[in-house]
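*Asks:* Quick one, input_28.txt (compact mmCIF, C-alpha atoms):
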```txt
# COMPACT_ATOMS: atom_id res chain seq x y z
CA MET A 21 -91.79 -54.95 -44.53
CA ALA A 22 -93.39 -51.70 -45.66
CA ALA A 23 -91.48 -49.38 -48.01
CA ALA A 24 -88.17 -48.43 -46.40
CA SER A 25 -88.20 -45.00 -44.77
CA PRO A 26 -85.91 -42.54 -46.55
CA SER A 27 -82.42 -41.97 -45.25
CA VAL A 28 -81.67 -39.01 -47.49
CA PHE A 29 -83.46 -35.68 -47.75
CA LEU A 30 -83.33 -33.19 -50.62
CA LEU A 31 -83.00 -29.43 -50.58
CA MET A 32 -83.93 -27.51 -53.72
CA VAL A 33 -82.92 -23.88 -53.87
CA ASN A 34 -83.70 -21.49 -56.64
CA GLY A 35 -83.71 -17.74 -56.77
CA GLN A 36 -81.50 -14.91 -57.80
CA VAL A 37 -78.72 -12.58 -56.81
CA GLU A 38 -80.95 -9.58 -57.14
CA SER A 39 -79.04 -6.37 -56.59
CA ALA A 40 -76.31 -4.66 -54.62
CA GLN A 41 -75.75 -1.43 -52.73
CA PHE A 42 -72.17 -0.13 -52.83
CA PRO A 43 -72.17 3.63 -52.38
CA GLU A 44 -68.51 4.12 -53.25
CA HIS A 45 -68.03 1.65 -56.12
CA ASP A 46 -69.41 1.08 -59.61
CA ASP A 47 -69.12 -1.36 -62.54
CA LEU A 48 -69.30 -4.49 -60.40
CA TYR A 49 -69.70 -8.18 -61.12
CA CYS A 50 -70.45 -10.96 -58.70
CA LYS A 51 -69.32 -14.57 -58.33
CA TYR A 52 -71.20 -17.03 -56.19
CA CYS A 53 -70.39 -20.54 -54.99
CA PHE A 54 -71.87 -22.92 -52.42
CA VAL A 55 -70.02 -24.25 -49.39
CA TYR A 56 -71.45 -27.28 -47.61
CA GLY A 57 -70.48 -29.99 -45.12
CA GLN A 58 -69.20 -33.47 -45.76
CA ASP A 59 -72.63 -35.05 -45.60
CA TRP A 60 -73.95 -32.94 -48.46
CA ALA A 61 -73.69 -33.40 -52.22
CA PRO A 62 -75.14 -31.37 -55.07
CA THR A 63 -77.36 -33.47 -57.33
CA ALA A 64 -78.55 -30.99 -59.93
CA GLY A 65 -77.98 -27.44 -61.02
CA LEU A 66 -74.93 -25.21 -60.93
CA GLU A 67 -72.82 -24.75 -57.84
CA GLU A 68 -70.97 -21.70 -59.10
CA GLY A 69 -71.57 -18.77 -61.39
CA ILE A 70 -70.26 -15.40 -62.54
CA SER A 71 -72.66 -12.60 -63.26
CA GLN A 72 -72.59 -9.77 -65.79
CA ILE A 73 -70.93 -6.42 -65.07
CA THR A 74 -73.46 -3.86 -63.89
CA SER A 75 -73.26 -0.09 -63.57
CA LYS A 76 -75.28 2.20 -61.36
CA SER A 77 -78.50 3.39 -62.96
CA LEU A 78 -78.67 7.03 -63.98
CA ASP A 79 -81.86 7.74 -62.04
CA ALA A 80 -82.09 8.80 -58.42
CA ARG A 81 -82.02 5.23 -57.12
CA ARG A 82 -78.43 4.60 -58.31
CA ALA A 83 -79.23 0.90 -58.23
CA LEU A 84 -76.84 -1.93 -59.11
CA VAL A 85 -78.93 -4.78 -60.50
CA TRP A 86 -77.73 -8.26 -61.55
CA ASN A 87 -80.91 -10.37 -61.52
CA PHE A 88 -78.60 -13.41 -61.75
CA PRO A 89 -80.28 -16.85 -61.45
CA ILE A 90 -79.43 -19.47 -58.85
CA ASP A 91 -80.71 -23.03 -59.24
CA VAL A 92 -79.26 -25.96 -57.33
CA THR A 93 -80.43 -29.12 -55.56
CA PHE A 94 -78.57 -30.83 -52.73
CA LYS A 95 -79.04 -34.18 -51.04
CA SER A 96 -77.88 -34.97 -47.53
CA THR A 97 -78.22 -37.30 -44.55
CA ASN A 98 -77.51 -34.67 -41.89
CA PRO A 99 -78.40 -30.98 -41.55
CA TYR A 100 -74.96 -30.27 -40.11
CA GLY A 101 -72.98 -28.38 -42.77
CA TRP A 102 -76.13 -26.77 -44.20
CA PRO A 103 -75.13 -25.08 -47.48
CA GLN A 104 -74.02 -21.49 -47.47
CA ILE A 105 -73.81 -19.28 -50.51
CA VAL A 106 -70.55 -17.33 -50.70
CA LEU A 107 -70.54 -14.15 -52.77
CA SER A 108 -67.52 -12.24 -54.06
CA VAL A 109 -67.99 -8.89 -55.74
CA TYR A 110 -65.27 -7.42 -57.96
CA GLY A 111 -64.87 -4.13 -59.80
CA PRO A 112 -62.27 -1.92 -61.44
CA ASP A 113 -60.18 0.54 -59.47
CA VAL A 114 -58.94 3.93 -60.63
CA PHE A 115 -56.13 2.36 -62.67
CA GLY A 116 -58.37 -0.20 -64.37
CA ASN A 117 -57.30 -3.28 -62.38
CA ASP A 118 -59.91 -5.78 -61.22
CA VAL A 119 -60.01 -5.63 -57.44
CA VAL A 120 -62.24 -7.26 -54.86
CA ARG A 121 -65.01 -5.05 -53.50
CA GLY A 122 -66.59 -7.41 -51.02
CA TYR A 123 -67.02 -10.94 -49.72
CA GLY A 124 -70.10 -12.22 -47.94
CA ALA A 125 -71.84 -15.45 -47.02
CA VAL A 126 -75.24 -16.52 -45.77
CA HIS A 127 -76.88 -19.87 -45.02
CA VAL A 128 -79.54 -21.04 -47.44
CA PRO A 129 -82.81 -20.70 -45.48
CA PHE A 130 -84.22 -24.03 -44.32
CA SER A 131 -87.92 -23.40 -43.96
CA PRO A 132 -89.71 -23.94 -47.26
CA GLY A 133 -90.97 -20.78 -48.89
CA ARG A 134 -89.78 -17.49 -50.24
CA HIS A 135 -87.01 -15.59 -48.43
CA LYS A 136 -85.14 -12.36 -49.02
CA ARG A 137 -81.70 -12.00 -47.52
CA THR A 138 -79.48 -8.91 -47.43
CA VAL A 139 -75.86 -9.92 -47.05
CA PRO A 140 -73.24 -7.42 -45.80
CA MET A 141 -70.04 -7.44 -47.88
CA PHE A 142 -66.59 -6.84 -46.43
CA VAL A 143 -63.01 -6.66 -47.69
CA PRO A 144 -59.85 -7.64 -45.80
CA GLU A 145 -57.86 -4.64 -44.67
CA SER A 146 -54.12 -4.08 -44.90
CA THR A 147 -52.34 -3.95 -41.58
CA SER A 148 -50.40 -0.71 -41.98
CA LYS A 149 -50.93 2.60 -43.75
CA LEU A 150 -47.92 1.99 -45.99
CA GLN A 151 -49.36 -1.33 -47.11
CA LYS A 152 -52.69 0.33 -47.79
CA PHE A 153 -51.04 2.90 -50.05
CA THR A 154 -48.89 0.33 -51.83
CA SER A 155 -51.82 -1.96 -52.51
CA TRP A 156 -53.93 0.94 -53.78
CA PHE A 157 -51.12 2.11 -56.04
CA MET A 158 -50.15 -1.31 -57.42
CA GLY A 159 -53.75 -2.52 -57.76
CA ARG A 160 -53.03 -5.61 -55.68
CA ARG A 161 -55.50 -5.43 -52.83
CA PRO A 162 -55.59 -7.96 -50.00
CA GLU A 163 -57.91 -10.77 -50.97
CA TYR A 164 -58.62 -14.35 -49.89
CA THR A 165 -56.89 -17.07 -51.91
CA ASP A 166 -60.04 -19.16 -51.57
CA PRO A 167 -63.30 -17.22 -51.06
CA LYS A 168 -64.77 -20.27 -49.31
CA VAL A 169 -62.89 -19.20 -46.20
CA VAL A 170 -65.65 -16.64 -45.69
CA ALA A 171 -68.11 -19.43 -44.90
CA GLN A 172 -66.02 -20.81 -42.05
CA GLY A 173 -65.81 -19.54 -38.53
CA GLU A 174 -62.35 -20.87 -37.70
CA GLY A 175 -59.28 -18.77 -38.26
CA ARG A 176 -61.08 -15.46 -38.35
CA GLU A 177 -59.66 -14.12 -35.12
CA VAL A 178 -56.69 -12.45 -36.72
CA THR A 179 -58.37 -10.86 -39.74
CA ARG A 180 -59.28 -7.19 -39.96
CA VAL A 181 -62.00 -6.28 -42.42
CA ARG A 182 -63.99 -3.31 -43.61
CA SER A 183 -67.66 -3.69 -44.44
CA GLN A 184 -68.63 -1.50 -47.38
CA GLY A 185 -71.76 -2.75 -49.13
CA PHE A 186 -74.73 -5.10 -49.28
CA VAL A 187 -76.05 -7.67 -51.74
CA THR A 188 -79.72 -8.68 -51.79
CA LEU A 189 -80.63 -12.29 -52.56
CA LEU A 190 -83.98 -13.95 -53.11
CA PHE A 191 -84.44 -17.64 -52.34
CA ASN A 192 -87.26 -20.12 -52.91
CA VAL A 193 -86.67 -23.23 -50.84
CA VAL A 194 -88.30 -26.64 -51.22
CA THR A 195 -87.33 -29.66 -49.12
CA LYS A 196 -88.23 -33.30 -49.53
CA ASP A 197 -88.46 -35.97 -46.83
CA MET A 198 -87.21 -33.81 -43.98
CA ARG A 199 -90.44 -34.33 -42.08
CA LYS A 200 -90.34 -38.09 -42.74
CA LEU A 201 -86.90 -38.20 -41.15
CA GLY A 202 -88.25 -36.45 -38.07
CA TYR A 203 -87.01 -32.91 -38.68
CA ASP A 204 -89.18 -29.93 -37.80
CA THR A 205 -88.14 -26.84 -39.71
CA GLY A 206 -90.75 -24.49 -38.31
CA PRO A 207 -93.60 -22.67 -40.02
CA PRO A 208 -93.27 -22.28 -43.80
CA ASP A 209 -92.46 -18.72 -44.68
CA THR A 210 -94.33 -17.14 -47.55
CA GLN A 211 -93.25 -13.64 -48.63
CA GLY A 212 -90.72 -13.78 -45.83
CA VAL A 213 -88.43 -10.78 -45.75
CA SER A 214 -85.67 -11.46 -43.28
CA GLY A 215 -82.13 -10.45 -42.67
CA HIS A 216 -80.93 -7.16 -41.37
CA SER A 217 -81.95 -4.36 -43.68
CA PRO A 218 -79.28 -1.90 -44.79
CA PRO A 219 -79.13 1.47 -43.00
CA GLN A 220 -81.48 4.28 -44.01
CA GLY A 221 -80.60 6.25 -47.06
CA LEU A 222 -79.60 3.31 -49.23
CA PRO A 223 -81.94 1.98 -51.93
CA THR A 224 -83.56 -1.32 -50.88
CA MET B 13 -82.62 -48.03 -13.81
CA ILE B 14 -81.77 -44.75 -15.50
CA THR B 15 -78.47 -44.36 -13.70
CA THR B 16 -77.30 -47.82 -14.67
CA ALA B 17 -78.34 -47.27 -18.30
CA ALA B 18 -76.46 -43.99 -18.38
CA SER B 19 -73.31 -45.51 -16.95
CA TRP B 20 -73.54 -48.39 -19.39
CA PHE B 21 -73.91 -45.89 -22.21
CA GLU B 22 -70.82 -43.98 -21.19
CA LYS B 23 -68.74 -47.15 -21.37
CA THR B 24 -69.59 -47.93 -25.00
CA SER B 25 -67.31 -46.80 -27.82
CA LEU B 26 -67.71 -43.39 -29.38
CA GLU B 27 -69.12 -44.78 -32.65
CA SER B 28 -71.80 -46.76 -30.83
CA GLN B 29 -72.61 -43.73 -28.70
CA VAL B 30 -73.17 -41.62 -31.79
CA LEU B 31 -75.32 -44.31 -33.41
CA LEU B 32 -77.41 -44.80 -30.29
CA LEU B 33 -77.73 -41.07 -29.75
CA THR B 34 -78.93 -40.36 -33.22
CA TRP B 35 -81.46 -43.15 -33.13
CA ALA B 36 -82.88 -42.68 -29.67
CA MET B 37 -82.44 -39.07 -28.69
CA ALA B 38 -83.91 -35.78 -29.69
CA GLU B 39 -81.60 -33.60 -31.78
CA VAL B 40 -81.28 -29.87 -32.18
CA HIS B 41 -79.49 -28.07 -35.02
CA VAL B 42 -78.57 -24.42 -34.54
CA ILE B 43 -77.68 -22.92 -37.93
CA GLY B 44 -77.22 -19.20 -38.36
CA GLN B 45 -74.93 -16.22 -38.08
CA ILE B 46 -73.75 -13.59 -35.65
CA MET B 47 -74.69 -10.73 -37.96
CA GLY B 48 -73.05 -7.77 -36.23
CA ALA B 49 -73.43 -5.10 -33.58
CA THR B 50 -74.77 -1.59 -33.22
CA GLY B 51 -74.75 1.06 -30.54
CA PHE B 52 -71.18 0.73 -29.32
CA SER B 53 -69.04 3.82 -28.84
CA GLU B 54 -66.04 2.34 -30.68
CA SER B 55 -66.15 1.23 -34.28
CA SER B 56 -63.56 -1.54 -34.81
CA LEU B 57 -65.31 -4.39 -33.05
CA PHE B 58 -65.03 -8.15 -32.75
CA CYS B 59 -66.93 -10.68 -30.73
CA LYS B 60 -65.87 -13.76 -28.78
CA TRP B 61 -68.73 -16.21 -28.50
CA GLY B 62 -69.40 -19.52 -26.86
CA VAL B 63 -72.29 -21.88 -26.21
CA HIS B 64 -73.04 -23.30 -22.78
CA THR B 65 -75.41 -26.22 -22.29
CA GLY B 66 -76.61 -28.34 -19.42
CA ALA B 67 -75.43 -31.83 -18.58
CA ALA B 68 -78.14 -33.57 -20.63
CA TRP B 69 -76.86 -32.07 -23.89
CA LYS B 70 -74.06 -33.47 -26.03
CA LEU B 71 -72.43 -31.60 -28.90
CA LEU B 72 -72.22 -33.96 -31.87
CA SER B 73 -70.74 -31.63 -34.50
CA GLY B 74 -69.63 -28.04 -34.70
CA VAL B 75 -67.34 -25.79 -32.69
CA ARG B 76 -68.62 -24.66 -29.35
CA GLU B 77 -66.82 -21.31 -29.26
CA GLY B 78 -64.99 -18.92 -31.49
CA GLN B 79 -64.02 -15.38 -32.27
CA THR B 80 -65.18 -13.23 -35.16
CA GLN B 81 -63.12 -11.00 -37.42
CA VAL B 82 -62.52 -7.34 -36.56
CA ASP B 83 -64.80 -5.13 -38.65
CA THR B 84 -64.55 -1.40 -39.30
CA PRO B 85 -67.77 -0.29 -40.97
CA GLN B 86 -67.64 2.22 -43.84
CA ILE B 87 -71.40 2.68 -44.18
CA GLY B 88 -73.57 3.39 -41.18
CA ASP B 89 -72.64 2.44 -37.66
CA MET B 90 -73.31 -1.30 -37.66
CA ALA B 91 -70.23 -3.51 -37.53
CA TYR B 92 -70.87 -6.64 -39.62
CA TRP B 93 -69.27 -9.98 -38.77
CA SER B 94 -71.52 -12.54 -40.56
CA HIS B 95 -69.91 -15.24 -38.44
CA PRO B 96 -71.44 -18.66 -39.23
CA ILE B 97 -72.71 -20.87 -36.41
CA ASP B 98 -73.51 -24.53 -37.12
CA LEU B 99 -74.07 -26.75 -34.09
CA HIS B 100 -75.59 -30.19 -33.78
CA PHE B 101 -76.74 -31.27 -30.31
CA ALA B 102 -78.33 -34.44 -29.02
CA THR B 103 -80.27 -34.17 -25.82
CA LYS B 104 -81.81 -36.36 -23.15
CA GLY B 105 -83.68 -33.57 -21.39
CA LEU B 106 -84.96 -30.03 -21.69
CA GLN B 107 -82.96 -28.57 -18.79
CA GLY B 108 -79.89 -26.61 -19.72
CA TRP B 109 -81.22 -25.40 -23.06
CA PRO B 110 -78.22 -23.94 -24.95
CA ARG B 111 -77.19 -20.40 -24.15
CA LEU B 112 -75.01 -18.31 -26.40
CA HIS B 113 -72.70 -15.96 -24.49
CA LEU B 114 -70.90 -13.08 -26.15
CA GLN B 115 -68.08 -10.67 -25.36
CA VAL B 116 -67.74 -7.65 -27.62
CA TRP B 117 -64.28 -6.08 -27.76
CA SER B 118 -62.91 -3.15 -29.70
CA GLN B 119 -59.48 -2.99 -31.28
CA ASP B 120 -57.72 0.33 -31.82
CA SER B 121 -55.14 1.26 -34.45
CA PHE B 122 -52.33 0.16 -32.13
CA GLY B 123 -53.79 -3.32 -31.84
CA ARG B 124 -54.90 -2.97 -28.21
CA CYS B 125 -58.18 -4.63 -27.28
CA GLN B 126 -60.70 -3.15 -24.87
CA LEU B 127 -63.84 -4.75 -23.50
CA GLU B 128 -67.06 -3.15 -24.74
CA GLY B 129 -69.73 -5.47 -23.41
CA TYR B 130 -70.85 -8.86 -22.22
CA GLY B 131 -74.16 -10.42 -23.22
CA PHE B 132 -75.96 -13.72 -23.50
CA CYS B 133 -79.12 -15.03 -25.07
CA HIS B 134 -80.83 -18.39 -25.09
CA VAL B 135 -80.93 -20.22 -28.39
CA PRO B 136 -84.59 -20.01 -29.53
CA SER B 137 -86.76 -22.96 -28.62
CA SER B 138 -89.20 -22.99 -31.52
CA PRO B 139 -88.12 -24.26 -34.94
CA GLY B 140 -87.60 -21.78 -37.75
CA THR B 141 -85.50 -18.69 -38.33
CA HIS B 142 -85.31 -16.01 -35.64
CA GLN B 143 -83.83 -12.51 -35.50
CA LEU B 144 -82.29 -11.93 -32.08
CA ASP B 145 -81.09 -8.69 -30.52
CA CYS B 146 -78.85 -9.31 -27.56
CA PRO B 147 -78.24 -6.34 -25.23
CA THR B 148 -74.81 -6.05 -23.61
CA TRP B 149 -73.38 -4.55 -20.42
CA ARG B 150 -69.91 -3.83 -19.10
CA PRO B 151 -68.63 -3.65 -15.52
CA LEU B 152 -68.15 -0.07 -14.35
CA GLY B 153 -65.65 -0.28 -11.52
CA SER B 154 -64.72 2.54 -9.14
CA TRP B 155 -64.60 6.20 -10.25
CA ARG B 156 -60.81 5.92 -10.52
CA GLU B 157 -61.13 3.01 -12.91
CA GLN B 158 -63.75 4.84 -14.96
CA LEU B 159 -61.48 7.88 -15.25
CA ALA B 160 -58.53 5.72 -16.25
CA ARG B 161 -60.67 3.98 -18.86
CA ALA B 162 -61.69 7.30 -20.39
CA PHE B 163 -58.07 8.46 -20.76
CA VAL B 164 -55.93 5.38 -21.13
CA GLY B 165 -58.35 2.58 -21.94
CA GLY B 166 -58.66 -0.80 -20.31
CA GLY B 167 -61.16 -1.14 -17.53
CA PRO B 168 -62.39 -3.99 -15.35
CA GLN B 169 -63.27 -7.38 -16.83
CA LEU B 170 -64.94 -10.43 -15.37
CA LEU B 171 -62.59 -12.99 -13.93
CA HIS B 172 -64.86 -15.94 -14.64
CA GLY B 173 -66.80 -15.98 -17.87
CA ASP B 174 -69.76 -17.87 -16.41
CA ALA B 175 -71.10 -14.73 -14.72
CA ILE B 176 -72.16 -13.67 -18.23
CA TYR B 177 -74.84 -16.35 -18.49
CA SER B 178 -75.55 -17.32 -14.89
CA GLY B 179 -77.45 -15.33 -12.32
CA ALA B 180 -75.43 -16.31 -9.28
CA ASP B 181 -73.30 -13.55 -7.73
CA ARG B 182 -74.61 -10.92 -10.14
CA TYR B 183 -75.69 -8.76 -7.21
CA ARG B 184 -72.07 -7.80 -6.63
CA LEU B 185 -71.75 -6.10 -10.00
CA HIS B 186 -72.37 -2.48 -10.96
CA THR B 187 -72.61 -2.24 -14.73
CA ALA B 188 -73.37 0.16 -17.57
CA ALA B 189 -75.10 -0.63 -20.85
CA GLY B 190 -73.15 -1.39 -24.01
CA GLY B 191 -74.57 -1.73 -27.52
CA THR B 192 -76.67 -4.54 -29.06
CA VAL B 193 -75.48 -7.67 -30.87
CA HIS B 194 -77.69 -8.87 -33.71
CA LEU B 195 -77.97 -12.55 -34.51
CA GLU B 196 -79.96 -14.57 -36.98
CA LEU B 197 -80.36 -18.12 -35.69
CA GLY B 198 -82.29 -20.91 -37.31
CA LEU B 199 -83.42 -23.87 -35.30
CA LEU B 200 -84.09 -27.36 -36.62
CA LEU B 201 -85.54 -29.94 -34.23
CA ARG B 202 -85.66 -33.69 -34.68
CA HIS B 203 -87.76 -36.31 -32.88
CA PHE B 204 -89.14 -33.83 -30.37
CA ASP B 205 -92.68 -34.93 -31.18
CA ARG B 206 -91.71 -38.51 -30.37
CA TYR B 207 -91.19 -37.46 -26.76
CA GLY B 208 -94.32 -35.36 -26.62
CA VAL B 209 -92.46 -32.08 -26.42
CA GLU B 210 -94.39 -29.11 -27.81
CA CYS B 211 -92.38 -26.21 -29.15
```
Step by step, read the file and then write its structure as structure tokens.

*Replies:*
Amino acid sequence: MAAASPSVFLLMVNGQVESAQFPEHDDLYCKYCFVYGQDWAPTAGLEEGISQITSKSLDARRALVWNFPIDVTFKSTNPYGWPQIVLSVYGPDVFGNDVVRGYGAVHVPFSPGRHKRTVPMFVPESTSKLQKFTSWFMGRRPEYTDPKVVAQGEGREVTRVRSQGFVTLLFNVVTKDMRKLGYDTGPPDTQGVSGHSPPQGLPT
Amino acid sequence: MITTAASWFEKTSLESQVLLLTWAMAEVHVIGQIMGATGFSESSLFCKWGVHTGAAWKLLSGVREGQTQVDTPQIGDMAYWSHPIDLHFATKGLQGWPRLHLQVWSQDSFGRCQLEGYGFCHVPSSPGTHQLDCPTWRPLGSWREQLARAFVGGGPQLLHGDAIYSGADRYRLHTAAGGTVHLELGLLLRHFDRYGVEC
């Protein structure tokens, strides 16, 4: 018999958490982690990371830059459960406590090539005005016990959130053996800039 | 011949069905997000979504419907949901290509929900990542109902959700435009070339 056809395909993702736009907040750091289905397993690289703390630049751009590397390889037998990167951004409040400034998630792109993604970031909102004041005063804002919840669709019906920023990511994607297994991922994307761009007036 | 094979297939166990399906049939993966919405008059919005397919399609993994979180945007006027969609279909035919139907609702500070628009779009048919903008509409009703909606809220809703994505009986409706829902859907096809399908 000829060489056995592969049953597993590989997905290699590298890139960076490039920058963020948060008009109302400063001194932020970012955590990322990957969420994937049961058929997926990371084989190399880091699944999680915490970036440095960045402040807005003093020039007119007021840019928040992390330039934080991402490098991970996954193997899988099934595209269901395609990995998503979950981002959590934290920063200090007026009293100096570390509070969450945004959660966001996006699927890793699946066509090989270079991709830019702008991810909107949101925070859970307190239900009543009194709770909002108490959480602001005590420095204990509503946050998710496990940020990976952001990557799931179930159980979101009852949550109220406020979107207040964007994070820009750059991905380079390489896949191995997807075509041999019969998958067609579409035209490879070079210099692809996708994802909804933030509204006018914010630095890109 | 085909009808007997199909009825034989239905009688096998679920595990064998999945094995046979994944070996013999073409598969479609829809992986993406409902990004958000723009152009609606209210700002605290959420979306109920569902996927409708024809009889030749079988959902192997993923949830067929759901509801997003309620988002109140602080920057700009786009409400962001970033709701993940991950569906795995196996299909025996091209008819009944999946359609995503959406209902956009707004929630006020008292917790009341009001319909803002219905919309649908077909899942793209070529592999790769696609940006989709889905326009929405809402039923108008009589002038009394429109007046009541302006003061008190509420307004007419569809009794049967399938009018959103089917053309039958649409001629009875008088509607007004709502905003636009933005989606980013990626499509992964498997074994379509084996059946000579070009897309």

*Asks:* Sort by chain and increasing residue number a table of all residues of chain A within 7 Å of chain B, each with its closest pair of atoms and their distance in Å to one decimal, counting all atoms listed in the file, and write it as JSON lines.

*Replies:*
```
{"residue": "A:Tyr100", "atom": "CA", "partner": "B:His100", "partner_atom": "CA", "distance": 6.4}
{"residue": "A:Gly101", "atom": "CA", "partner": "B:Asp98", "partner_atom": "CA", "distance": 6.9}
{"residue": "A:His127", "atom": "CA", "partner": "B:Gly44", "partner_atom": "CA", "distance": 6.7}
{"residue": "A:Ser131", "atom": "CA", "partner": "B:Gly140", "partner_atom": "CA", "distance": 6.4}
{"residue": "A:Pro140", "atom": "CA", "partner": "B:Tyr92", "partner_atom": "CA", "distance": 6.7}
{"residue": "A:Ala171", "atom": "CA", "partner": "B:Pro96", "partner_atom": "CA", "distance": 6.6}
{"residue": "A:Gln172", "atom": "CA", "partner": "B:Pro96", "partner_atom": "CA", "distance": 6.5}
{"residue": "A:Gly173", "atom": "CA", "partner": "B:Pro96", "partner_atom": "CA", "distance": 5.7}
{"residue": "A:Arg176", "atom": "CA", "partner": "B:Gln81", "partner_atom": "CA", "distance": 5.0}
{"residue": "A:Glu177", "atom": "CA", "partner": "B:Gln81", "partner_atom": "CA", "distance": 5.2}
{"residue": "A:Val178", "atom": "CA", "partner": "B:Gln81", "partner_atom": "CA", "distance": 6.6}
{"residue": "A:Thr179", "atom": "CA", "partner": "B:Gln81", "partner_atom": "CA", "distance": 5.3}
{"residue": "A:Arg180", "atom": "CA", "partner": "B:Val82", "partner_atom": "CA", "distance": 4.7}
{"residue": "A:Val181", "atom": "CA", "partner": "B:Asp83", "partner_atom": "CA", "distance": 4.8}
{"residue": "A:Arg182", "atom": "CA", "partner": "B:Thr84", "partner_atom": "CA", "distance": 4.7}
{"residue": "A:Ser183", "atom": "CA", "partner": "B:Pro85", "partner_atom": "CA", "distance": 4.9}
{"residue": "A:Gln184", "atom": "CA", "partner": "B:Gln86", "partner_atom": "CA", "distance": 5.2}
{"residue": "A:Gly202", "atom": "CA", "partner": "B:Arg202", "partner_atom": "CA", "distance": 5.1}
{"residue": "A:Tyr203", "atom": "CA", "partner": "B:Arg202", "partner_atom": "CA", "distance": 4.3}
{"residue": "A:Asp204", "atom": "CA", "partner": "B:Leu201", "partner_atom": "CA", "distance": 5.1}
{"residue": "A:Thr205", "atom": "CA", "partner": "B:Leu200", "partner_atom": "CA", "distance": 5.1}
{"residue": "A:Gly206", "atom": "CA", "partner": "B:Gly140", "partner_atom": "CA", "distance": 4.2}
{"residue": "A:Pro207", "atom": "CA", "partner": "B:Gly140", "partner_atom": "CA", "distance": 6.5}
{"residue": "A:Pro219", "atom": "CA", "partner": "B:Gly88", "partner_atom": "CA", "distance": 6.2}
```

*Asks:* Generate the output file for the selected residues, C-alpha atoms, as an mmCIF file, in the coordinates of the input.

*Replies:*
```cif
data_model
loop_
_atom_site.group_PDB
_atom_site.id
_atom_site.type_symbol
_atom_site.label_atom_id
_atom_site.label_comp_id
_atom_site.auth_asym_id
_atom_site.auth_seq_id
_atom_site.Cartn_x
_atom_site.Cartn_y
_atom_site.Cartn_z
ATOM 1 C CA TYR A 100 -74.960 -30.270 -40.110
ATOM 2 C CA GLY A 101 -72.980 -28.380 -42.770
ATOM 3 C CA HIS A 127 -76.880 -19.870 -45.020
ATOM 4 C CA SER A 131 -87.920 -23.400 -43.960
ATOM 5 C CA PRO A 140 -73.240 -7.420 -45.800
ATOM 6 C CA ALA A 171 -68.110 -19.430 -44.900
ATOM 7 C CA GLN A 172 -66.020 -20.810 -42.050
ATOM 8 C CA GLY A 173 -65.810 -19.540 -38.530
ATOM 9 C CA ARG A 176 -61.080 -15.460 -38.350
ATOM 10 C CA GLU A 177 -59.660 -14.120 -35.120
ATOM 11 C CA VAL A 178 -56.690 -12.450 -36.720
ATOM 12 C CA THR A 179 -58.370 -10.860 -39.740
ATOM 13 C CA ARG A 180 -59.280 -7.190 -39.960
ATOM 14 C CA VAL A 181 -62.000 -6.280 -42.420
ATOM 15 C CA ARG A 182 -63.990 -3.310 -43.610
ATOM 16 C CA SER A 183 -67.660 -3.690 -44.440
ATOM 17 C CA GLN A 184 -68.630 -1.500 -47.380
ATOM 18 C CA GLY A 202 -88.250 -36.450 -38.070
ATOM 19 C CA TYR A 203 -87.010 -32.910 -38.680
ATOM 20 C CA ASP A 204 -89.180 -29.930 -37.800
ATOM 21 C CA THR A 205 -88.140 -26.840 -39.710
ATOM 22 C CA GLY A 206 -90.750 -24.490 -38.310
ATOM 23 C CA PRO A 207 -93.600 -22.670 -40.020
ATOM 24 C CA PRO A 219 -79.130 1.470 -43.000
#
```

*Asks:* Can you tell me how far CA of Ser146 (chain A) sits from CA of Gln115 (chain B), in Å to one decimal?

*Replies:*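 Straight-line distance from CA of Ser146 (chain A) to CA of Gln115 (chain B) works out to 24.9 Å.
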
*Asks:* Using Å and a single decimal, report how far CA of Phe115 (chain A) sits from CA of Arg161 (chain A).

*Replies:* 12.6 Å

*Asks:* Quick one, how far is CA of Glu44 (chain A) from CA of Arg160 (chain A)?

*Replies:* 18.4 Å

*Asks:* Name the residues in contact with region 106-109 of chain B at a cut-off of 8 Å, using all atoms listed in the file, excluding same-chain residues fewer than 4 positions from it; report them as a list in words.

*Replies:*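 The contact residues come out as Thr65, Gly66, Ala67, Ala68, Trp69, His134 and Val135 of chain B.
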